[in-house]
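Chemist: This is the structure I want to talk about, given as structure tokens.
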Amino acid sequence: MDTPSDPKLSSTYLLDPRSQVTELTGVSELVQRIERWCKGTDRLDVAAVTGLGGTGKSRLVTEVLHRLTTTPGNERPWSAGFLADHPSHTEYQILAASSYPLLLAVDLAETRLPQIRDLMTALADFHDGAAVRVLLLARGHGSWWPALRRHLRTRDVGPRQHAFALTPDNALEGHTAEDIYVAAKVAFARRIRLLQQAGHGDDTWPDRIVADAPRLYGEGIEHAAPQPVIYHHIAALADVLAHANPEFALNDHPMEVLLANEVEYVRRIAEARLPEGIIDDELLRTLVAAQFLAGVRTAQQGRAAVRASFDAYHSGYGITAPPDARQLAAFDDVLTAAYPATDGAHWGAVGEPLAAAWLAEVEAESGEEFIEAFLQHDALATEQRHQTPQHRRPHSPGPARPRRRRPPSRRRRPGTPPTTRGADRYRRTRRRPRPPVAHQSRGCRRRPCCRSRRRPAHLRVGQQPHR
């Protein structure tokens, strides 16, 4: 099973549906339908839950898992959880012999069809226990669901007739965008205060995080067009974080605020584990992007990914001295501590929806060269290269854009002192051309609504700018 991540003061944790920071809104009828399906008479059944990224599929299923495993009264409680991407043991027939009813959720199901077929085959062939239900979460039916149903029919697996669709309007049933934004601000502020009391964060955080923080990114949200609930949560979290750290308020887009907080989180871990004077913000961000791209099952693959990202970061300088084993191990330790694995792997990765925006920044700052240089590195195992295009395909609400204050020319030249917070930046002597920035990627200042320093309110809640 894939276990929830440990609490931490990072944007990834705060937005993770399994952290259950925000309340589930507007889908009570759908939750009840899935519960009734789970408690049906069939011993083994499978169903799909589909919806666009950010509409709340994972949060919905997390709520169902919670309800089934905390059944009041004399009802028999369920065992439930998310199936790990790469479980350490694949003897799925053990699950078929469970003495308790079992609900398995499979995220990004359309990218994990071989694993799903193996799972369902084992459950069908060895099923002699209590009822088993499998929920497949995907962004659409496409062709994968009909094809999988035909395959399951040959294995005599359940009715296979159920499919639950989740739309952006579902979360708004009985609620306005304003309601969701305000409730999310309260929830995020409460959870951040609890994390501070538990010792997370540092002395740069204020003593009091308030839920009534000024509206910088949620301004005008009551007039926003209908959109997935994740957009309102991102705006709410950005306002709470920007109030706690005024430096974050200099960013134009709420996603940039979340990324700035994530960088601070990684830096705090690096400062606790790396020798003084070698912390390089740009290198750390490159390492985190590589961690997401490659995925790591073993310590050996971890060292390979760190070496490949180190070389990709310094590509273009000619021959450079390779890092020693201790340096590689120190970087590996930072990544493992920042994003520990929840499924038995060597490490995890930065979560959605930050992953796409983070990767887009690193790629833009490298002159669109990082991904190619990293994935073609000889140190990577074949499966680390091949899982990237589909299986780790991220979703990012809103346009991903490079940082305004981190142009590609500011990457450190090998042999120069590393950059730290407040230190001078060292420019490269050979500059890569800056990638062209599309008109929609930031305020254009050629039209009246874009002439202010901050993006106008109607563009801060996920809507696309004019083209």
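Residues are referred to by chain and number: the chain letter is A, B, ... according to the order shown in the structure tokens, the number counts from 1 in that chain, and ligands are numbered separately from 1 in the order shown.
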Name all residues at most 9 Å from His223 of chain A (count only C-alpha atoms; drop same-chain ones fewer than 2 positions away) and give them as a PDB file with N, CA, C and O atoms, in the first residue's frame.

Modeler:
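Just written: result-v8.pdb:
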```pdb
ATOM      1  N   ALA A 177     -17.513  29.594  -5.251  1.00  0.00           N
ATOM      2  CA  ALA A 177     -16.054  29.652  -5.265  1.00  0.00           C
ATOM      3  C   ALA A 177     -15.534  30.407  -4.044  1.00  0.00           C
ATOM      4  O   ALA A 177     -14.502  30.053  -3.458  1.00  0.00           O
ATOM      5  N   GLU A 178     -16.277  31.423  -3.623  1.00  0.00           N
ATOM      6  CA  GLU A 178     -15.907  32.194  -2.427  1.00  0.00           C
ATOM      7  C   GLU A 178     -15.931  31.311  -1.189  1.00  0.00           C
ATOM      8  O   GLU A 178     -15.017  31.363  -0.344  1.00  0.00           O
ATOM      9  N   GLY A 220     -11.176  38.848  -6.199  1.00  0.00           N
ATOM     10  CA  GLY A 220     -12.090  38.681  -7.327  1.00  0.00           C
ATOM     11  C   GLY A 220     -12.480  37.252  -7.593  1.00  0.00           C
ATOM     12  O   GLY A 220     -13.101  36.946  -8.621  1.00  0.00           O
ATOM     13  N   ILE A 221     -12.171  36.343  -6.671  1.00  0.00           N
ATOM     14  CA  ILE A 221     -12.455  34.931  -6.923  1.00  0.00           C
ATOM     15  C   ILE A 221     -13.960  34.659  -6.963  1.00  0.00           C
ATOM     16  O   ILE A 221     -14.414  33.697  -7.586  1.00  0.00           O
ATOM     17  N   ALA A 225     -14.745  32.450 -13.355  1.00  0.00           N
ATOM     18  CA  ALA A 225     -15.483  31.447 -14.127  1.00  0.00           C
ATOM     19  C   ALA A 225     -15.344  30.085 -13.464  1.00  0.00           C
ATOM     20  O   ALA A 225     -14.380  29.838 -12.734  1.00  0.00           O
ATOM     21  N   HIS A 458      -8.320  39.177 -12.057  1.00  0.00           N
ATOM     22  CA  HIS A 458      -9.043  38.170 -12.827  1.00  0.00           C
ATOM     23  C   HIS A 458      -8.105  37.183 -13.488  1.00  0.00           C
ATOM     24  O   HIS A 458      -8.552  36.220 -14.084  1.00  0.00           O
TER      25      HIS A 458
END
```

Chemist: Could you name the residues that touch segment 110-114 of chain A at 9 Å or less, counting only C-alpha atoms, but leaving out those on the same chain fewer than 3 positions away, as number ranges by chain?

Modeler: A: 85, 106-107, 117-119, 136-142, 144-145, 148, 390-392

Chemist: With distances taken over only C-alpha atoms, which of A:Asn170, A:Gln327, A:Ser366, A:Thr121 is nearest to Leu152 of chain A?

Modeler: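 The closest residue to Leu152 of chain A is A:Thr121.
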
Chemist: Would you mind listing what lies within 12 Å of Ala183 of chain A as a ChimeraX atom specification, with only C-alpha atoms counted and same-chain residues fewer than 5 positions away left out?

Modeler: /A:21-25,175-178,188-190,211-212,229,232-233,235-237

Chemist: Can you write out the residues you just picked, keeping C-alpha atoms, as a PDB file, in the first residue's frame?

Modeler:
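New file part28.pdb:
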```pdb
ATOM      1  CA  VAL A  21      -6.085  19.479   5.133  1.00  0.00           C
ATOM      2  CA  THR A  22      -9.215  20.859   3.459  1.00  0.00           C
ATOM      3  CA  GLU A  23     -12.735  19.547   3.846  1.00  0.00           C
ATOM      4  CA  LEU A  24     -14.394  17.646   1.027  1.00  0.00           C
ATOM      5  CA  THR A  25     -17.177  19.743  -0.462  1.00  0.00           C
ATOM      6  CA  HIS A 175     -21.057  26.092  -2.480  1.00  0.00           C
ATOM      7  CA  THR A 176     -19.659  29.115  -4.251  1.00  0.00           C
ATOM      8  CA  ALA A 177     -16.054  29.652  -5.265  1.00  0.00           C
ATOM      9  CA  GLU A 178     -15.907  32.194  -2.427  1.00  0.00           C
ATOM     10  CA  PHE A 188      -4.464  25.860   5.641  1.00  0.00           C
ATOM     11  CA  ALA A 189      -3.845  28.400   8.418  1.00  0.00           C
ATOM     12  CA  ARG A 190      -4.946  25.879  11.050  1.00  0.00           C
ATOM     13  CA  ALA A 211      -6.836  32.807   8.125  1.00  0.00           C
ATOM     14  CA  ASP A 212      -7.943  36.357   7.261  1.00  0.00           C
ATOM     15  CA  VAL A 229     -11.493  23.277  -6.994  1.00  0.00           C
ATOM     16  CA  HIS A 232      -9.288  27.954  -5.353  1.00  0.00           C
ATOM     17  CA  HIS A 233      -7.125  25.937  -2.965  1.00  0.00           C
ATOM     18  CA  ALA A 235      -5.090  30.810  -4.372  1.00  0.00           C
ATOM     19  CA  ALA A 236      -6.018  30.326  -0.700  1.00  0.00           C
ATOM     20  CA  LEU A 237      -2.710  28.666   0.212  1.00  0.00           C
TER      21      LEU A 237
END
```

Chemist: DSSP says helix (DSSP H, G or I) for which residues of segment 1-53 of chain A? Put them as a list in words?

Modeler: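 Answer for segment 1-53 of chain A, restricted to helix (DSSP H, G or I): Ser11, Thr12, Tyr13, Leu14, Leu15, Pro17, Arg18, Ser19, Ser28, Glu29, Leu30, Val31, Gln32, Arg33, Ile34, Glu35, Arg36, Trp37 and Cys38 of chain A.
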
Chemist: Those same residues - N, CA and C atoms - I'd like them written as a PDB file, in the first residue's frame.

Modeler:
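Writing the result to part20.pdb gives the following:
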```pdb
ATOM      1  N   SER A  11       4.579  22.878   0.510  1.00  0.00           N
ATOM      2  CA  SER A  11       3.382  23.036  -0.323  1.00  0.00           C
ATOM      3  C   SER A  11       2.878  21.686  -0.802  1.00  0.00           C
ATOM      4  N   THR A  12       3.795  20.760  -1.089  1.00  0.00           N
ATOM      5  CA  THR A  12       3.406  19.422  -1.529  1.00  0.00           C
ATOM      6  C   THR A  12       2.513  18.748  -0.497  1.00  0.00           C
ATOM      7  N   TYR A  13       2.920  18.782   0.773  1.00  0.00           N
ATOM      8  CA  TYR A  13       2.122  18.143   1.820  1.00  0.00           C
ATOM      9  C   TYR A  13       0.783  18.847   2.004  1.00  0.00           C
ATOM     10  N   LEU A  14       0.789  20.179   2.015  1.00  0.00           N
ATOM     11  CA  LEU A  14      -0.429  20.924   2.297  1.00  0.00           C
ATOM     12  C   LEU A  14      -1.489  20.730   1.212  1.00  0.00           C
ATOM     13  N   LEU A  15      -1.056  20.499  -0.040  1.00  0.00           N
ATOM     14  CA  LEU A  15      -2.003  20.297  -1.139  1.00  0.00           C
ATOM     15  C   LEU A  15      -2.314  18.826  -1.394  1.00  0.00           C
ATOM     16  N   PRO A  17      -4.049  15.521  -1.382  1.00  0.00           N
ATOM     17  CA  PRO A  17      -5.400  15.126  -0.957  1.00  0.00           C
ATOM     18  C   PRO A  17      -5.398  14.167   0.218  1.00  0.00           C
ATOM     19  N   ARG A  18      -4.355  13.341   0.315  1.00  0.00           N
ATOM     20  CA  ARG A  18      -4.319  12.351   1.391  1.00  0.00           C
ATOM     21  C   ARG A  18      -3.963  12.974   2.738  1.00  0.00           C
ATOM     22  N   SER A  19      -3.470  14.213   2.720  1.00  0.00           N
ATOM     23  CA  SER A  19      -3.224  14.914   3.981  1.00  0.00           C
ATOM     24  C   SER A  19      -4.526  15.396   4.608  1.00  0.00           C
ATOM     25  N   SER A  28     -21.109  14.761  -1.691  1.00  0.00           N
ATOM     26  CA  SER A  28     -21.634  13.792  -0.725  1.00  0.00           C
ATOM     27  C   SER A  28     -22.467  12.711  -1.415  1.00  0.00           C
ATOM     28  N   GLU A  29     -23.235  13.094  -2.435  1.00  0.00           N
ATOM     29  CA  GLU A  29     -24.053  12.105  -3.137  1.00  0.00           C
ATOM     30  C   GLU A  29     -23.186  11.094  -3.869  1.00  0.00           C
ATOM     31  N   LEU A  30     -22.085  11.563  -4.467  1.00  0.00           N
ATOM     32  CA  LEU A  30     -21.176  10.664  -5.169  1.00  0.00           C
ATOM     33  C   LEU A  30     -20.454   9.745  -4.189  1.00  0.00           C
ATOM     34  N   VAL A  31     -20.074  10.267  -3.038  1.00  0.00           N
ATOM     35  CA  VAL A  31     -19.448   9.434  -2.002  1.00  0.00           C
ATOM     36  C   VAL A  31     -20.404   8.316  -1.586  1.00  0.00           C
ATOM     37  N   GLN A  32     -21.677   8.644  -1.396  1.00  0.00           N
ATOM     38  CA  GLN A  32     -22.657   7.627  -0.994  1.00  0.00           C
ATOM     39  C   GLN A  32     -22.857   6.574  -2.081  1.00  0.00           C
ATOM     40  N   ARG A  33     -22.838   6.996  -3.353  1.00  0.00           N
ATOM     41  CA  ARG A  33     -22.968   6.027  -4.450  1.00  0.00           C
ATOM     42  C   ARG A  33     -21.799   5.050  -4.456  1.00  0.00           C
ATOM     43  N   ILE A  34     -20.595   5.550  -4.244  1.00  0.00           N
ATOM     44  CA  ILE A  34     -19.426   4.665  -4.231  1.00  0.00           C
ATOM     45  C   ILE A  34     -19.490   3.738  -3.017  1.00  0.00           C
ATOM     46  N   GLU A  35     -19.937   4.253  -1.870  1.00  0.00           N
ATOM     47  CA  GLU A  35     -20.071   3.397  -0.685  1.00  0.00           C
ATOM     48  C   GLU A  35     -21.072   2.274  -0.948  1.00  0.00           C
ATOM     49  N   ARG A  36     -22.208   2.584  -1.574  1.00  0.00           N
ATOM     50  CA  ARG A  36     -23.203   1.547  -1.873  1.00  0.00           C
ATOM     51  C   ARG A  36     -22.621   0.521  -2.830  1.00  0.00           C
ATOM     52  N   TRP A  37     -21.830   0.978  -3.814  1.00  0.00           N
ATOM     53  CA  TRP A  37     -21.194   0.032  -4.733  1.00  0.00           C
ATOM     54  C   TRP A  37     -20.233  -0.883  -3.981  1.00  0.00           C
ATOM     55  N   CYS A  38     -19.473  -0.313  -3.060  1.00  0.00           N
ATOM     56  CA  CYS A  38     -18.523  -1.129  -2.295  1.00  0.00           C
ATOM     57  C   CYS A  38     -19.245  -2.214  -1.492  1.00  0.00           C
TER      58      CYS A  38
END
```

Chemist: Tell me, as a PyMOL selection string, which residues lie within 12 Å of Ala312 of chain A, counting only C-alpha atoms; anything in the same chain fewer than 3 positions away does not count.

Modeler: chain A and resi 283+286-287+289-290+305-309+315-318+320+322+362-363+366-379

Chemist: List as a list in words the protein and nucleic acid residues near Phe126 of chain A, meaning an atom at most 12 Å away when only C-alpha atoms are counted, but skip any in the same chain fewer than 2 places from it.

Modeler: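 So, after excluding close chain neighbours, the residues are Arg43, Leu44, Glu91, Tyr92, Gln93, Ile94, Leu95, Ala96, Ala97, Ser98, Leu119, Met120, Thr121, Ala122, Leu123, Ala124, Asp128, Gly129, Ala130, Val132, Arg155 and Val157 of chain A.
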
Chemist: I'd like the interatomic distance between atom CA of Pro228 of chain A and atom CA of Lys57 of chain A, to a tenth of an Å.

Modeler: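 Rounded to one decimal, the two atoms are 10.9 Å apart.
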